[in-house]
Amino acid sequence: MSSKDGEEPIILGKTETITKSSNPTWTYAFKIDFTVGKLYYINVGVHDDSSKQKYKNKPLGSSIFEIGDILGTIGNVKGKSIKGRGVIYVRVMPVMDDHFSAPDLVLELKGFSLKNTQGLFRKSDPFYELQRRDFAPGGGYSWYTVCRSEHVDNELDPVWKPTAVNIVRLCDNDHSIPFRICVFDWSKKGNYTDMGMIETNLEVLLNAKSPNRFTLKNQKGKECGVLAVTRADMGGVLSNAAILPGAEYRSLDPPPVQSQNISDSYMPSAPLVVPPISVPSTSRPTFVDYVSSGCELSMCVAIDFTGSNGDPLKNTEGVFRKSDPFYELQRRDFAPGGGYNWYTVCRSEHVNNELDPVWKPTAVNVNQLCDNDHSILFRICVFDWSKNGNYTDMGMIETNLEVLLNAKSSNRFTLKDKKGQECGVLAVTRAEMEGALSNSAIPAGTEDRSLDP
């Protein structure tokens with residue numbers, strides 16, 4: 001980490017090693033003393049720890065992030081691409097000074113009659129995660145892992161070691177805020193299977209009689225066994241407690257790796273805490289509070305689309321009528337179960353009975369579209385509108401701000417459907433940065449539709 005050019009960087013440390021995974025989600029959190037108005041740059045590097053020799057870790061790539069820039073995004077999450085290696089996502093969690101003096105929640109959990117996911121000749125290897133609810137980058141809520149247990153081999157009635165987790169990180173020290181306890185079947189290959197979850201809060205756990213039993217249900221709502229909370233109280237950190245990981249962005253991610261599997265060829269690990277922020281002792285909100293809570297600035301990218309400067313769009317209405325095309329701008333984000341989903345950020349009006357549509361100009365906030373990162377990809381998807389809500393795919397393109405802003409007008413793209421067949425031409429006749437347009441299409445807000453390409 002460095003705060004200015006030429007300054008000697010500070011090594012924050014390294015995460016644990018995630019084995020046999022091309023989509024790792026690390027659990028370690030780093031402490032950064034942050035002051036509003038000062039720039040702090042962090043260089044996040046990814047290494048392959050498969051070498052058995054010390055100091056032989058293979059670099060996979062790195063990206064530089066600015067802390068204040070991450071705090072300016074919805075959900076405090078920002079992603080940057082690594083050339084040919086995928087995307088790195090960083091999440092920053094601003095906390096007050098009382099985080100370090102807040103008590104820990106000590107939990108002891110047992111499972112009873114869990115549903116086996118391993119077939120006839122072997123039993124599951126269950127572990128659990130504690131997940132907090134927080135804002136997602138694309139809007140709405142997502143669940144972020146705060147703590148993960150060890151896995152218990154070949155056991156459907158597991159007894160896990162006691163776990164201590166800071167209540168500020170779990171639920172902001174609010175006893176009414178819900179959090180989740182999710183159980184998964186561990187696997188060496190990294191394919192972890194859902195074994196059920198419960199949703200509860202501190203008020204329920206602390207006031208219930210021991211043992212407090214809950215019915216586990218999977219994502220389809222089917223019962224998967226019983227989870228018993230045999231101990232739930234406020235106490236100090238346990239010497240044999242599970243390692244407290246940092247906030248994650250997936251629900252199905254690998255359990256912690258034993259210390260002997262973590263290479264020491266990088267740098268020694270920093271203390272496991274999340275970044276504090278220097279704030280006044282009064283309760284007045286800071287600029288970071290406004291930005292990280294969803295306050296949006298007026299910087300937008302204005303885009304003007306037309307389908308009339310090339311081959312007409314492919315008709316989906318048959319012989320006697322033409323399609324009624326509209327388009328959506330979609331951002332890419334992590335899906336709750338792993339991998340990626342595309343979330344609609346803006347939707348245009350539809351143009352009736354037209355295969356050469358000219359849509360109204362649209363203004364969309366660049367943070368919502370791509371976290372103000374000009375290299376991050378987003379989609380422009382065209383659909384055939386219908387009164388009954390059954391919209392038909394008319395093709396899509398995948399691009400980024402760098403391409404749109406640097407291209408000469410008109411910038412033409414070939415639309416392709418899900419099968420890869422060409423469906424017409426989409427021309428971007430205007431793409432520039434400016435304030436919101438008075439006649440722009442109204443951003444539809446982030447949506448999650450099953451008909452998105």
# chains A, B, ... in the order shown; residues from 1 in each chain; ligands from 1
>>> select_by_dssp(residues="region 51-159 of chain A", states="strand (DSSP E)", output="CSV table (one decimal) with N, CA, C and O atoms, in the first residue's frame")
chain,number,residue,atom,x,y,z
A,58,LYS,N,4.2,-18.6,-8.4
A,58,LYS,CA,4.1,-18.0,-9.7
A,58,LYS,C,3.1,-16.8,-9.7
A,58,LYS,O,1.9,-17.0,-9.4
A,59,PRO,N,3.5,-15.6,-10.1
A,59,PRO,CA,2.6,-14.5,-10.2
A,59,PRO,C,1.6,-14.7,-11.3
A,59,PRO,O,1.9,-15.0,-12.4
A,60,LEU,N,0.3,-14.4,-10.9
A,60,LEU,CA,-0.8,-14.5,-11.9
A,60,LEU,C,-1.3,-13.2,-12.4
A,60,LEU,O,-2.0,-13.1,-13.4
A,61,GLY,N,-0.9,-12.1,-11.7
A,61,GLY,CA,-1.3,-10.8,-12.1
A,61,GLY,C,-1.6,-9.9,-10.9
A,61,GLY,O,-1.7,-10.4,-9.8
A,62,SER,N,-1.8,-8.6,-11.2
A,62,SER,CA,-2.1,-7.7,-10.1
A,62,SER,C,-2.9,-6.5,-10.6
A,62,SER,O,-2.9,-6.3,-11.8
A,63,SER,N,-3.6,-5.8,-9.7
A,63,SER,CA,-4.3,-4.6,-10.1
A,63,SER,C,-4.2,-3.6,-8.9
A,63,SER,O,-4.1,-4.0,-7.8
A,64,ILE,N,-4.2,-2.3,-9.3
A,64,ILE,CA,-4.1,-1.3,-8.3
A,64,ILE,C,-5.4,-0.6,-8.0
A,64,ILE,O,-6.1,-0.3,-9.0
A,65,PHE,N,-5.8,-0.5,-6.8
A,65,PHE,CA,-7.1,0.1,-6.4
A,65,PHE,C,-6.8,1.3,-5.5
A,65,PHE,O,-5.8,1.3,-4.8
A,66,GLU,N,-7.7,2.3,-5.5
A,66,GLU,CA,-7.7,3.4,-4.6
A,66,GLU,C,-8.8,3.3,-3.6
A,66,GLU,O,-10.0,3.1,-4.0
A,77,VAL,N,-17.7,-2.3,-3.2
A,77,VAL,CA,-17.0,-3.4,-3.9
A,77,VAL,C,-16.6,-2.8,-5.3
A,77,VAL,O,-17.4,-2.2,-6.0
A,78,LYS,N,-15.3,-3.1,-5.7
A,78,LYS,CA,-14.8,-2.7,-7.0
A,78,LYS,C,-14.0,-3.8,-7.6
A,78,LYS,O,-13.3,-4.5,-6.9
A,79,GLY,N,-14.2,-4.0,-8.9
A,79,GLY,CA,-13.5,-5.1,-9.6
A,79,GLY,C,-12.6,-4.5,-10.7
A,79,GLY,O,-13.0,-3.5,-11.3
A,80,LYS,N,-11.5,-5.1,-10.9
A,80,LYS,CA,-10.6,-4.7,-12.0
A,80,LYS,C,-10.1,-6.0,-12.7
A,80,LYS,O,-9.8,-7.0,-12.0
A,81,SER,N,-9.9,-5.9,-14.0
A,81,SER,CA,-9.5,-7.1,-14.8
A,81,SER,C,-8.0,-7.3,-14.8
A,81,SER,O,-7.2,-6.3,-14.7
A,82,ILE,N,-7.5,-8.5,-14.8
A,82,ILE,CA,-6.1,-8.9,-15.0
A,82,ILE,C,-6.0,-9.4,-16.4
A,82,ILE,O,-6.8,-10.2,-16.8
A,86,GLY,N,-8.6,-13.0,-15.7
A,86,GLY,CA,-9.9,-12.9,-15.0
A,86,GLY,C,-10.0,-11.5,-14.3
A,86,GLY,O,-9.5,-10.5,-14.8
A,87,VAL,N,-10.7,-11.4,-13.2
A,87,VAL,CA,-11.1,-10.2,-12.5
A,87,VAL,C,-10.8,-10.3,-11.0
A,87,VAL,O,-11.1,-11.3,-10.4
A,88,ILE,N,-10.2,-9.3,-10.4
A,88,ILE,CA,-10.0,-9.2,-9.0
A,88,ILE,C,-11.1,-8.2,-8.4
A,88,ILE,O,-11.3,-7.1,-8.9
A,89,TYR,N,-11.8,-8.7,-7.4
A,89,TYR,CA,-12.7,-7.8,-6.7
A,89,TYR,C,-12.2,-7.6,-5.3
A,89,TYR,O,-11.8,-8.5,-4.6
A,90,VAL,N,-12.3,-6.3,-4.9
A,90,VAL,CA,-11.9,-5.9,-3.5
A,90,VAL,C,-13.1,-5.2,-2.8
A,90,VAL,O,-13.8,-4.4,-3.4
A,91,ARG,N,-13.4,-5.6,-1.6
A,91,ARG,CA,-14.4,-5.0,-0.8
A,91,ARG,C,-13.8,-4.3,0.4
A,91,ARG,O,-13.0,-4.9,1.1
A,104,ASP,N,-17.2,-10.3,21.5
A,104,ASP,CA,-17.3,-11.4,20.5
A,104,ASP,C,-18.5,-12.2,20.9
A,104,ASP,O,-18.8,-12.5,22.1
A,105,LEU,N,-19.2,-12.7,19.9
A,105,LEU,CA,-20.2,-13.8,20.0
A,105,LEU,C,-19.6,-15.1,20.0
A,105,LEU,O,-18.9,-15.5,19.0
A,106,VAL,N,-19.7,-15.9,21.0
A,106,VAL,CA,-19.1,-17.3,21.1
A,106,VAL,C,-20.2,-18.3,20.8
A,106,VAL,O,-21.3,-18.3,21.5
A,107,LEU,N,-20.0,-19.1,19.8
A,107,LEU,CA,-21.0,-20.0,19.3
A,107,LEU,C,-20.4,-21.5,19.4
A,107,LEU,O,-19.3,-21.7,19.0
A,108,GLU,N,-21.3,-22.4,19.8
A,108,GLU,CA,-21.0,-23.8,19.7
A,108,GLU,C,-22.1,-24.5,19.0
A,108,GLU,O,-23.3,-24.4,19.4
A,109,LEU,N,-21.9,-25.1,17.9
A,109,LEU,CA,-22.9,-25.7,17.0
A,109,LEU,C,-22.8,-27.2,16.9
A,109,LEU,O,-21.7,-27.7,16.8
A,110,LYS,N,-23.9,-27.9,16.7
A,110,LYS,CA,-24.0,-29.3,16.4
A,110,LYS,C,-25.0,-29.5,15.3
A,110,LYS,O,-26.0,-28.8,15.2
A,111,GLY,N,-24.8,-30.6,14.6
A,111,GLY,CA,-25.7,-31.0,13.6
A,111,GLY,C,-26.3,-32.3,13.9
A,111,GLY,O,-25.6,-33.2,14.4
A,112,PHE,N,-27.6,-32.5,13.5
A,112,PHE,CA,-28.2,-33.8,13.8
A,112,PHE,C,-29.0,-34.3,12.5
A,112,PHE,O,-29.7,-33.5,11.9
A,126,PRO,N,-19.4,-32.0,6.6
A,126,PRO,CA,-20.0,-30.7,6.7
A,126,PRO,C,-19.1,-29.6,7.4
A,126,PRO,O,-18.3,-29.9,8.3
A,127,PHE,N,-19.3,-28.4,6.9
A,127,PHE,CA,-18.8,-27.2,7.6
A,127,PHE,C,-19.8,-26.1,7.5
A,127,PHE,O,-20.8,-26.2,6.7
A,128,TYR,N,-19.7,-25.0,8.3
A,128,TYR,CA,-20.7,-24.0,8.2
A,128,TYR,C,-20.0,-22.6,8.1
A,128,TYR,O,-18.8,-22.4,8.3
A,129,GLU,N,-20.8,-21.6,7.6
A,129,GLU,CA,-20.4,-20.3,7.5
A,129,GLU,C,-21.4,-19.4,8.2
A,129,GLU,O,-22.6,-19.6,8.2
A,130,LEU,N,-20.9,-18.3,8.8
A,130,LEU,CA,-21.8,-17.2,9.3
A,130,LEU,C,-21.7,-16.1,8.3
A,130,LEU,O,-20.7,-15.6,7.9
A,131,GLN,N,-22.9,-15.6,7.8
A,131,GLN,CA,-23.0,-14.7,6.7
A,131,GLN,C,-23.8,-13.5,7.2
A,131,GLN,O,-24.9,-13.6,7.7
A,132,ARG,N,-23.2,-12.3,6.9
A,132,ARG,CA,-23.9,-11.0,7.2
A,132,ARG,C,-24.6,-10.5,6.0
A,132,ARG,O,-24.2,-10.7,4.9
A,133,ARG,N,-25.7,-9.7,6.2
A,133,ARG,CA,-26.4,-9.1,5.1
A,133,ARG,C,-25.9,-7.7,4.8
A,133,ARG,O,-25.7,-6.9,5.8
A,134,ASP,N,-25.6,-7.4,3.6
A,134,ASP,CA,-25.1,-6.0,3.2
A,134,ASP,C,-25.6,-5.7,1.8
A,134,ASP,O,-26.1,-6.5,1.1
A,135,PHE,N,-25.4,-4.4,1.5
A,135,PHE,CA,-25.7,-3.9,0.2
A,135,PHE,C,-24.9,-4.6,-0.9
A,135,PHE,O,-23.7,-4.8,-0.7
A,141,TYR,N,-29.6,-6.6,-1.7
A,141,TYR,CA,-28.8,-7.2,-0.7
A,141,TYR,C,-28.1,-8.4,-1.1
A,141,TYR,O,-28.6,-9.2,-2.0
A,142,SER,N,-26.9,-8.7,-0.6
A,142,SER,CA,-26.2,-9.9,-0.7
A,142,SER,C,-25.7,-10.4,0.6
A,142,SER,O,-25.7,-9.6,1.6
A,143,TRP,N,-25.3,-11.6,0.7
A,143,TRP,CA,-24.8,-12.2,2.0
A,143,TRP,C,-23.3,-12.4,1.9
A,143,TRP,O,-22.8,-13.1,0.9
A,144,TYR,N,-22.5,-11.9,2.8
A,144,TYR,CA,-21.1,-11.9,2.8
A,144,TYR,C,-20.6,-12.8,4.0
A,144,TYR,O,-21.0,-12.6,5.2
A,145,THR,N,-19.7,-13.7,3.7
A,145,THR,CA,-19.2,-14.6,4.8
A,145,THR,C,-18.3,-13.9,5.7
A,145,THR,O,-17.4,-13.2,5.3
A,146,VAL,N,-18.6,-14.0,7.0
A,146,VAL,CA,-17.8,-13.3,8.1
A,146,VAL,C,-16.9,-14.4,8.8
A,146,VAL,O,-15.9,-14.1,9.3
A,147,CYS,N,-17.4,-15.6,8.9
A,147,CYS,CA,-16.7,-16.6,9.6
A,147,CYS,C,-17.0,-18.0,9.0
A,147,CYS,O,-18.1,-18.2,8.6
A,148,ARG,N,-16.0,-18.9,9.0
A,148,ARG,CA,-16.2,-20.2,8.5
A,148,ARG,C,-15.5,-21.2,9.4
A,148,ARG,O,-14.4,-21.0,9.9
>>> residues_around(residues="Val204 (chain A)", least_positions_apart="2", cutoff="10 Å", atoms="only C-alpha atoms", output="list in words")
His175, Ser176, Pro178, Thr200, Asn201, Leu202, Leu206, Asn207, Ala208, Lys209, Asn212 and Ala232 of chain A
>>> closest_residue(among="A:Phe334, A:Lys31, A:His47, A:Pro325", to="Glu349 (chain A)", atoms="only C-alpha atoms")
A:Pro325
>>> select_by_dssp(residues="region 375-404 of chain A", states="alpha helix (DSSP H)", output="tab-separated table (two decimals) with N, CA and C atoms, in the first residue's frame")
chain	number	residue	atom	x	y	z
A	401	LEU	N	-16.44	1.03	-21.48
A	401	LEU	CA	-16.41	2.47	-21.68
A	401	LEU	C	-15.22	2.90	-22.54
A	402	GLU	N	-14.11	2.21	-22.39
A	402	GLU	CA	-12.92	2.58	-23.16
A	402	GLU	C	-13.20	2.50	-24.66
A	403	VAL	N	-13.89	1.46	-25.08
A	403	VAL	CA	-14.22	1.30	-26.50
A	403	VAL	C	-15.20	2.36	-26.95
A	404	LEU	N	-16.26	2.59	-26.16
A	404	LEU	CA	-17.31	3.51	-26.57
A	404	LEU	C	-16.83	4.96	-26.61
>>> residues_around(residues="Gln330 (chain A)", least_positions_apart="5", cutoff="6 Å", atoms="only C-alpha atoms", output="compact mmCIF listing (two decimals) with N, CA, C and O atoms, in the first residue's frame")
# COMPACT_ATOMS: atom_id res chain seq x y z
N TRP A 342 -25.62 -11.21 -14.82
CA TRP A 342 -25.74 -9.90 -15.46
C TRP A 342 -26.99 -9.23 -14.92
O TRP A 342 -28.08 -9.79 -14.98
N TYR A 343 -26.83 -7.99 -14.40
CA TYR A 343 -27.91 -7.26 -13.75
C TYR A 343 -28.25 -6.01 -14.55
O TYR A 343 -27.36 -5.24 -14.91
N THR A 344 -29.52 -5.83 -14.84
CA THR A 344 -29.96 -4.69 -15.64
C THR A 344 -29.83 -3.39 -14.84
O THR A 344 -30.35 -3.28 -13.73
N VAL A 345 -29.14 -2.43 -15.41
CA VAL A 345 -28.94 -1.12 -14.78
C VAL A 345 -29.85 -0.08 -15.40
O VAL A 345 -30.30 0.86 -14.73
N PHE A 378 -19.48 -4.54 -19.95
CA PHE A 378 -20.93 -4.56 -19.70
C PHE A 378 -21.61 -4.95 -21.00
O PHE A 378 -20.98 -5.02 -22.07
N ARG A 379 -22.90 -5.22 -20.93
CA ARG A 379 -23.64 -5.70 -22.10
C ARG A 379 -24.71 -4.70 -22.53
O ARG A 379 -25.30 -4.02 -21.70
>>> closest_residue(among="A:Asp157, A:Glu398, A:Asp194, A:Asp69", to="Asp373 (chain A)", atoms="only C-alpha atoms")
A:Asp69
>>> residues_around(residues="Phe184 (chain A)", least_positions_apart="4", cutoff="12 Å", atoms="only C-alpha atoms", output="number ranges by chain")
A: 111, 114-118, 124-130, 148-152, 156, 158, 190-197, 216-219, 224, 251-255, 337
>>> write_last_selection(atoms="C-alpha atoms", output="PDB file, in the first residue's frame")
ATOM      1  CA  GLY A 111     -25.731 -30.968  13.555  1.00  0.00           C
ATOM      2  CA  LEU A 114     -28.048 -33.962   8.217  1.00  0.00           C
ATOM      3  CA  LYS A 115     -29.055 -35.093   4.735  1.00  0.00           C
ATOM      4  CA  ASN A 116     -26.217 -37.005   3.083  1.00  0.00           C
ATOM      5  CA  THR A 117     -25.002 -35.647  -0.271  1.00  0.00           C
ATOM      6  CA  GLN A 118     -22.265 -38.250  -0.924  1.00  0.00           C
ATOM      7  CA  SER A 124     -20.830 -35.794   3.865  1.00  0.00           C
ATOM      8  CA  ASP A 125     -18.026 -33.629   5.343  1.00  0.00           C
ATOM      9  CA  PRO A 126     -20.034 -30.662   6.707  1.00  0.00           C
ATOM     10  CA  PHE A 127     -18.757 -27.193   7.603  1.00  0.00           C
ATOM     11  CA  TYR A 128     -20.687 -23.971   8.235  1.00  0.00           C
ATOM     12  CA  GLU A 129     -20.433 -20.252   7.490  1.00  0.00           C
ATOM     13  CA  LEU A 130     -21.775 -17.193   9.310  1.00  0.00           C
ATOM     14  CA  ARG A 148     -16.178 -20.193   8.468  1.00  0.00           C
ATOM     15  CA  SER A 149     -15.707 -23.357  10.526  1.00  0.00           C
ATOM     16  CA  GLU A 150     -13.532 -26.392   9.992  1.00  0.00           C
ATOM     17  CA  HIS A 151     -15.109 -29.353   8.183  1.00  0.00           C
ATOM     18  CA  VAL A 152     -15.899 -32.632   9.970  1.00  0.00           C
ATOM     19  CA  LEU A 156     -23.919 -36.515   9.547  1.00  0.00           C
ATOM     20  CA  PRO A 158     -21.120 -33.133  13.357  1.00  0.00           C
ATOM     21  CA  GLY A 190     -13.778 -27.329  -4.516  1.00  0.00           C
ATOM     22  CA  ASN A 191     -17.340 -28.336  -5.478  1.00  0.00           C
ATOM     23  CA  TYR A 192     -19.174 -27.600  -2.230  1.00  0.00           C
ATOM     24  CA  THR A 193     -22.783 -28.754  -1.903  1.00  0.00           C
ATOM     25  CA  ASP A 194     -25.555 -26.894  -0.078  1.00  0.00           C
ATOM     26  CA  MET A 195     -26.701 -28.814   3.019  1.00  0.00           C
ATOM     27  CA  GLY A 196     -29.159 -26.217   4.301  1.00  0.00           C
ATOM     28  CA  MET A 197     -29.240 -22.904   6.148  1.00  0.00           C
ATOM     29  CA  LEU A 216     -32.081 -26.562   8.138  1.00  0.00           C
ATOM     30  CA  LYS A 217     -33.598 -25.940   4.696  1.00  0.00           C
ATOM     31  CA  ASN A 218     -31.859 -25.949   1.336  1.00  0.00           C
ATOM     32  CA  GLN A 219     -32.352 -23.476  -1.514  1.00  0.00           C
ATOM     33  CA  CYS A 224     -32.108 -31.118   5.446  1.00  0.00           C
ATOM     34  CA  SER A 251     -21.690 -18.140  -0.395  1.00  0.00           C
ATOM     35  CA  LEU A 252     -20.111 -21.357  -1.752  1.00  0.00           C
ATOM     36  CA  ASP A 253     -16.422 -20.816  -1.251  1.00  0.00           C
ATOM     37  CA  PRO A 254     -13.629 -23.046   0.077  1.00  0.00           C
ATOM     38  CA  PRO A 255     -13.125 -23.562   3.797  1.00  0.00           C
ATOM     39  CA  GLY A 337     -23.928 -19.079  -5.580  1.00  0.00           C
TER      40      GLY A 337
END
>>> residues_around(residues="region 410-420 of chain A", least_positions_apart="6", cutoff="9 Å", atoms="only C-alpha atoms", output="PyMOL selection string")
chain A and resi 309-310+313+381-382+393-397+404+426-430+453
>>> write_last_selection(atoms="N, CA and C atoms", output="PDB file, in the first residue's frame")
ATOM      1  N   ASN A 309     -28.402   2.424 -38.967  1.00  0.00           N
ATOM      2  CA  ASN A 309     -27.196   2.701 -39.746  1.00  0.00           C
ATOM      3  C   ASN A 309     -26.526   1.425 -40.244  1.00  0.00           C
ATOM      4  N   GLY A 310     -27.274   0.402 -40.464  1.00  0.00           N
ATOM      5  CA  GLY A 310     -26.716  -0.851 -40.943  1.00  0.00           C
ATOM      6  C   GLY A 310     -27.840  -1.801 -41.298  1.00  0.00           C
ATOM      7  N   LEU A 313     -32.623  -5.030 -37.926  1.00  0.00           N
ATOM      8  CA  LEU A 313     -32.675  -6.083 -36.923  1.00  0.00           C
ATOM      9  C   LEU A 313     -33.500  -7.262 -37.438  1.00  0.00           C
ATOM     10  N   CYS A 381     -28.107  -5.291 -24.524  1.00  0.00           N
ATOM     11  CA  CYS A 381     -28.956  -6.388 -24.983  1.00  0.00           C
ATOM     12  C   CYS A 381     -30.240  -5.824 -25.583  1.00  0.00           C
ATOM     13  N   VAL A 382     -30.639  -6.324 -26.738  1.00  0.00           N
ATOM     14  CA  VAL A 382     -31.855  -5.874 -27.416  1.00  0.00           C
ATOM     15  C   VAL A 382     -32.903  -6.981 -27.316  1.00  0.00           C
ATOM     16  N   ASP A 393     -35.316 -12.453 -27.212  1.00  0.00           N
ATOM     17  CA  ASP A 393     -33.942 -12.031 -27.451  1.00  0.00           C
ATOM     18  C   ASP A 393     -33.754 -11.630 -28.917  1.00  0.00           C
ATOM     19  N   MET A 394     -33.202 -10.415 -29.157  1.00  0.00           N
ATOM     20  CA  MET A 394     -32.912  -9.939 -30.510  1.00  0.00           C
ATOM     21  C   MET A 394     -31.413  -9.703 -30.712  1.00  0.00           C
ATOM     22  N   GLY A 395     -30.596 -10.159 -29.768  1.00  0.00           N
ATOM     23  CA  GLY A 395     -29.158 -10.029 -29.908  1.00  0.00           C
ATOM     24  C   GLY A 395     -28.543  -9.134 -28.854  1.00  0.00           C
ATOM     25  N   MET A 396     -27.220  -9.223 -28.695  1.00  0.00           N
ATOM     26  CA  MET A 396     -26.514  -8.425 -27.706  1.00  0.00           C
ATOM     27  C   MET A 396     -25.079  -8.212 -28.140  1.00  0.00           C
ATOM     28  N   ILE A 397     -24.429  -7.218 -27.526  1.00  0.00           N
ATOM     29  CA  ILE A 397     -22.997  -6.994 -27.679  1.00  0.00           C
ATOM     30  C   ILE A 397     -22.382  -6.856 -26.299  1.00  0.00           C
ATOM     31  N   LEU A 404     -16.261   2.590 -26.156  1.00  0.00           N
ATOM     32  CA  LEU A 404     -17.309   3.514 -26.570  1.00  0.00           C
ATOM     33  C   LEU A 404     -16.827   4.963 -26.613  1.00  0.00           C
ATOM     34  N   LEU A 426     -26.031  -2.713 -34.362  1.00  0.00           N
ATOM     35  CA  LEU A 426     -26.328  -1.688 -33.374  1.00  0.00           C
ATOM     36  C   LEU A 426     -25.281  -0.586 -33.510  1.00  0.00           C
ATOM     37  N   ALA A 427     -25.726   0.637 -33.724  1.00  0.00           N
ATOM     38  CA  ALA A 427     -24.819   1.769 -33.886  1.00  0.00           C
ATOM     39  C   ALA A 427     -24.907   2.686 -32.675  1.00  0.00           C
ATOM     40  N   VAL A 428     -23.760   3.010 -32.102  1.00  0.00           N
ATOM     41  CA  VAL A 428     -23.688   3.966 -30.996  1.00  0.00           C
ATOM     42  C   VAL A 428     -23.306   5.311 -31.612  1.00  0.00           C
ATOM     43  N   THR A 429     -24.278   6.181 -31.775  1.00  0.00           N
ATOM     44  CA  THR A 429     -24.048   7.465 -32.445  1.00  0.00           C
ATOM     45  C   THR A 429     -23.520   8.535 -31.506  1.00  0.00           C
ATOM     46  N   ARG A 430     -23.598   8.295 -30.208  1.00  0.00           N
ATOM     47  CA  ARG A 430     -23.084   9.252 -29.232  1.00  0.00           C
ATOM     48  C   ARG A 430     -22.752   8.533 -27.942  1.00  0.00           C
ATOM     49  N   PRO A 453     -29.971 -12.108 -21.408  1.00  0.00           N
ATOM     50  CA  PRO A 453     -29.105 -13.051 -22.126  1.00  0.00           C
ATOM     51  C   PRO A 453     -27.992 -13.537 -21.227  1.00  0.00           C
TER      52      PRO A 453
END
>>> atom_distance(atom1="CA of Arg231 (chain A)", atom2="CA of Thr27 (chain A)")
24.3 Å
>>> closest_residue(among="A:Ser348, A:Thr215, A:Asn166, A:Thr316", to="Thr362 (chain A)", atoms="only C-alpha atoms")
A:Ser348
>>> closest_residue(among="A:Val44, A:Asp333, A:Val92, A:Glu199", to="Ile181 (chain A)", atoms="only C-alpha atoms")
A:Glu199
>>> decode(residues="region 198-210 of chain A", atoms="N, CA and C atoms", output="PDB file, in the first residue's frame")
ATOM      1  N   ILE A 198     -30.079 -21.592   7.995  1.00  0.00           N
ATOM      2  CA  ILE A 198     -31.097 -20.943   8.814  1.00  0.00           C
ATOM      3  C   ILE A 198     -30.823 -19.436   8.803  1.00  0.00           C
ATOM      4  N   GLU A 199     -31.839 -18.666   9.091  1.00  0.00           N
ATOM      5  CA  GLU A 199     -31.709 -17.214   9.209  1.00  0.00           C
ATOM      6  C   GLU A 199     -32.191 -16.823  10.610  1.00  0.00           C
ATOM      7  N   THR A 200     -31.345 -16.146  11.355  1.00  0.00           N
ATOM      8  CA  THR A 200     -31.664 -15.812  12.740  1.00  0.00           C
ATOM      9  C   THR A 200     -31.038 -14.468  13.094  1.00  0.00           C
ATOM     10  N   ASN A 201     -31.040 -14.103  14.370  1.00  0.00           N
ATOM     11  CA  ASN A 201     -30.389 -12.877  14.832  1.00  0.00           C
ATOM     12  C   ASN A 201     -29.884 -13.075  16.258  1.00  0.00           C
ATOM     13  N   LEU A 202     -29.166 -12.087  16.761  1.00  0.00           N
ATOM     14  CA  LEU A 202     -28.592 -12.199  18.104  1.00  0.00           C
ATOM     15  C   LEU A 202     -29.666 -12.293  19.182  1.00  0.00           C
ATOM     16  N   GLU A 203     -30.741 -11.569  18.995  1.00  0.00           N
ATOM     17  CA  GLU A 203     -31.806 -11.577  20.004  1.00  0.00           C
ATOM     18  C   GLU A 203     -32.342 -12.984  20.225  1.00  0.00           C
ATOM     19  N   VAL A 204     -32.542 -13.714  19.137  1.00  0.00           N
ATOM     20  CA  VAL A 204     -33.055 -15.085  19.234  1.00  0.00           C
ATOM     21  C   VAL A 204     -32.029 -16.006  19.890  1.00  0.00           C
ATOM     22  N   LEU A 205     -30.765 -15.911  19.462  1.00  0.00           N
ATOM     23  CA  LEU A 205     -29.742 -16.815  19.968  1.00  0.00           C
ATOM     24  C   LEU A 205     -29.422 -16.575  21.438  1.00  0.00           C
ATOM     25  N   LEU A 206     -29.317 -15.302  21.851  1.00  0.00           N
ATOM     26  CA  LEU A 206     -28.899 -14.990  23.216  1.00  0.00           C
ATOM     27  C   LEU A 206     -30.000 -15.227  24.240  1.00  0.00           C
ATOM     28  N   ASN A 207     -31.254 -15.136  23.823  1.00  0.00           N
ATOM     29  CA  ASN A 207     -32.366 -15.267  24.768  1.00  0.00           C
ATOM     30  C   ASN A 207     -32.962 -16.669  24.803  1.00  0.00           C
ATOM     31  N   ALA A 208     -32.542 -17.532  23.884  1.00  0.00           N
ATOM     32  CA  ALA A 208     -33.119 -18.879  23.832  1.00  0.00           C
ATOM     33  C   ALA A 208     -32.447 -19.791  24.856  1.00  0.00           C
ATOM     34  N   LYS A 209     -33.171 -20.809  25.241  1.00  0.00           N
ATOM     35  CA  LYS A 209     -32.615 -21.812  26.128  1.00  0.00           C
ATOM     36  C   LYS A 209     -31.723 -22.763  25.330  1.00  0.00           C
ATOM     37  N   SER A 210     -30.662 -23.230  25.958  1.00  0.00           N
ATOM     38  CA  SER A 210     -29.733 -24.145  25.295  1.00  0.00           C
ATOM     39  C   SER A 210     -30.195 -25.591  25.492  1.00  0.00           C
TER      40      SER A 210
END
